[in-house]
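Trainee: Quick one: the structure is below, and I'll ask about it shortly.
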Amino acid sequence: MQFSPLQVADLYPVSDSVQGKTIPLIYHQNLVALADGQNHILELIAQGQPLETVLTELALLIEAHTSCQTFCAFLLLEAETQRLRHGAAPSLPPDYNQCIDGIPIGPAVGSCGTAAYHKASVIVEDIAIDPLWAEFRDLAIGFGLRACWSTPILSCEGQVLGTFAMYNPFPHRPHPHDRKLLIKATYLARVAIERHQTEKALQAANEDLERQVTKRTQDLQLVVTRLQREMQERERAEDQLRQRTIELEATLDELKKAQLWMVQSEKMSSLGQLVAGMAHEINNPVSFIHGNLKHVQSHVELLLGWTEKLRNWAQSSSCAKHPELVRMIADLDEESDFEFIQEDLPKILSSMNLGTERIRQIILSLRNFSRMDEARSVE
């Protein structure tokens with residue numbers, strides 16, 4: 001077991017220049033193929049391909065250029081739980097990948113868990129005897145894995161993003177060339193993971209923004225709906241108020257008419273009472289006069305009869321014995337114009353009788369008017 005602390009700068013690719021030395025053709029071809037492979041990985045990252053696709057292609061690229069049979073694996077650190085999740089391991093058995101998916105990081109958790117914990121490369125040449133693999137030894141050996149060396153994938157800020165591991169089916173010490181491949185792989189993986197995290201964060205931000213916009217839109221729609229409802233309710237209230245105002249105005253007009261009618265009725269009632277009182281007061285003396293006119297007429301007729309007899313007596317021969325009385329009757333007859341009185345007095349009495357009768361009819365009409373007014377007041 002070996003630990004090799006890493007700095008962020010160490011994860012950038014190193015030059016394959018041989019500094020002017022003569023190199024074999026096959027090595028040159030491998031360098032070209034490796035460079036082409038790196039460019040292909042960068043193209044996949046630029047195209048926005050899924051992270052698992054990029055890491056799978058990168059693992060196959062590294063496996064194709066190692067010095068011996070090697071199985072590459074990428075694990076991604078879950079920041080919330082501090083556990084390593086499966087990223088890509090195209091050449092490892094799927095059951096093994098499933099078994100190690102979700103292992104925690106720690107000071108003695110195999111090669112990958114320990115590398116992530118210490119932020120340093122961990123080289124295990126023989127799993128069968130290394131104490132870091134005590135908990136997973138039987139699992140690894142059961143799948144034919146005997147050596148594993150792992151390095152953490154660090155972000156630009158030095159935070160652990162995941163791990164890159166190279167397994168061998170036999171005990172093995174890394175070749176310097178393999179160390180370079182490991183550094184290249186961690187660099188490209190860092191670029192891919194950070195690009196993935198950036199896109200994921202951007203997508204999350206967009207989704208959050210869309211949710212906020214949707215929520216704000218819904219809130220605005222609710223506000224608009226509430227305002228529309230309030231406006232409708234206000235319009236209904238205004239219509240009801242206008243209708244109520246019209247009804248109140250009509251009621252007020254009716255009240256004014258009723259008040260006017262009551263005042264008029266009260267006036268007419270007072271007038272009726274006044275008329276009834278006046279009729280009563282007038283009726284009594286008029287009835288008295290009208291009732292006595294017959295007696296006056298009979299008395300006047302009697303007096304006129306006696307006067308006529310007295311005049312006739314004064315003109316007869318039998319009154320010679322009373323010259324003074326005859327002279328007095330003659331003087332009275334000359335002074336009073338008896339013929340005119342005898343003719344005019346019955347006319348006067350008849351006219352008075354007609355007048356009193358007319359007054360009685362007027363009083364009767366006034367009484368009938370007062371009774372009708374009382375009846376209207378009761379109604």
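Each chain in the structure tokens gets a letter, A, B, ..., in the order shown, and its residues are numbered from 1; ligands are numbered from 1 in order too.
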Could you pull out the alpha helix (DSSP H) residues of stretch 120-369 of chain A, going by DSSP on the backbone, and write them as a ChimeraX atom specification?
Mentor: /A:137-142,176-315,323-336,338-369
Trainee: List every residue of stretch 114-301 of chain A that DSSP, applied to the backbone of this structure, assigns to strand (DSSP E or B), and report them as a list in words.
Mentor: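 Put together, the selection reads Ala120, Ser121, Val122, Ile123, Val124, Ala147, Cys148, Trp149, Ser150, Thr151, Pro152, Ile153, Leu154, Val160, Leu161, Gly162, Thr163, Phe164, Ala165, Met166, Tyr167 and Asn168 of chain A.
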Trainee: Could you write out the selected residues, including C-alpha atoms, as a PDB file, in the first residue's frame?
Mentor:
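File written: part.pdb
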ATOM      1  CA  ALA A 120      -4.352  11.057  -2.256  1.00  0.00           C
ATOM      2  CA  SER A 121      -3.524   8.222  -4.613  1.00  0.00           C
ATOM      3  CA  VAL A 122      -3.707   4.759  -3.040  1.00  0.00           C
ATOM      4  CA  ILE A 123      -1.703   1.880  -4.590  1.00  0.00           C
ATOM      5  CA  VAL A 124      -2.595  -1.655  -3.504  1.00  0.00           C
ATOM      6  CA  ALA A 147      -4.496  -5.391  -7.550  1.00  0.00           C
ATOM      7  CA  CYS A 148      -6.142  -1.957  -7.419  1.00  0.00           C
ATOM      8  CA  TRP A 149      -4.695   1.485  -7.382  1.00  0.00           C
ATOM      9  CA  SER A 150      -6.940   4.535  -7.203  1.00  0.00           C
ATOM     10  CA  THR A 151      -6.608   8.289  -7.344  1.00  0.00           C
ATOM     11  CA  PRO A 152      -9.122  10.950  -6.321  1.00  0.00           C
ATOM     12  CA  ILE A 153     -10.660  13.217  -8.964  1.00  0.00           C
ATOM     13  CA  LEU A 154     -10.340  16.716  -7.519  1.00  0.00           C
ATOM     14  CA  VAL A 160     -13.305  15.456  -4.227  1.00  0.00           C
ATOM     15  CA  LEU A 161     -15.548  14.745  -7.212  1.00  0.00           C
ATOM     16  CA  GLY A 162     -14.960  10.988  -7.371  1.00  0.00           C
ATOM     17  CA  THR A 163     -12.239   8.383  -7.896  1.00  0.00           C
ATOM     18  CA  PHE A 164     -10.557   6.641 -10.809  1.00  0.00           C
ATOM     19  CA  ALA A 165      -9.344   3.096 -10.213  1.00  0.00           C
ATOM     20  CA  MET A 166      -7.274   0.639 -12.258  1.00  0.00           C
ATOM     21  CA  TYR A 167      -7.738  -3.047 -11.373  1.00  0.00           C
ATOM     22  CA  ASN A 168      -5.498  -5.970 -12.399  1.00  0.00           C
TER      23      ASN A 168
END
Trainee: Show which residues sit within 12 Å of A:Ala64, as a list in words. Count only C-alpha atoms, and ignore same-chain residues fewer than 3 positions away.
Mentor: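 Neighbouring residues, sequence-local ones excluded: Asn30, Leu31, Ala33, Leu34, Gly37, Glu57, Leu58, Ala59, Leu60, Leu61, Ser67, Cys68, Gln69, Thr70, Phe71, Cys72, Ser91, Asp178 and Leu181 of chain A.
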Trainee: Find the residues around A:Pro104 up to 10 Å (only C-alpha atoms counted), leave out those fewer than 4 positions away in its own chain, and share them as a list of chain:residue names.
Mentor: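 Once the nearby chain positions are removed, what remains is A:Leu77, A:Glu78, A:Thr81, A:Gln82, A:Arg83, A:Leu84, A:Arg85, A:Ile100, A:Val109, A:Cys112, A:Gly113, A:Thr114, A:Ala116, A:Tyr117.
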Trainee: Near stretch 51-53 of chain A, within 8 Å and counting only C-alpha atoms, which residues show up once chain neighbours fewer than 5 positions away are dropped, as a list of chain:residue names?
Mentor: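 Close residues of stretch 51-53 of chain A: A:Gly87, A:Ala88, A:Ala192, A:Ile193, A:His196.
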Trainee: For the residues in that selection, give me C-alpha atoms as a PDB file, in the first residue's frame.
Mentor:
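See part-v5.pdb below for the written result:
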ATOM      1  CA  GLY A  87     -20.013   6.090 -12.552  1.00  0.00           C
ATOM      2  CA  ALA A  88     -18.611   3.771 -15.244  1.00  0.00           C
ATOM      3  CA  ALA A 192     -16.406  15.839 -17.762  1.00  0.00           C
ATOM      4  CA  ILE A 193     -17.725  15.744 -14.180  1.00  0.00           C
ATOM      5  CA  HIS A 196     -21.870  17.615 -15.966  1.00  0.00           C
TER       6      HIS A 196
END
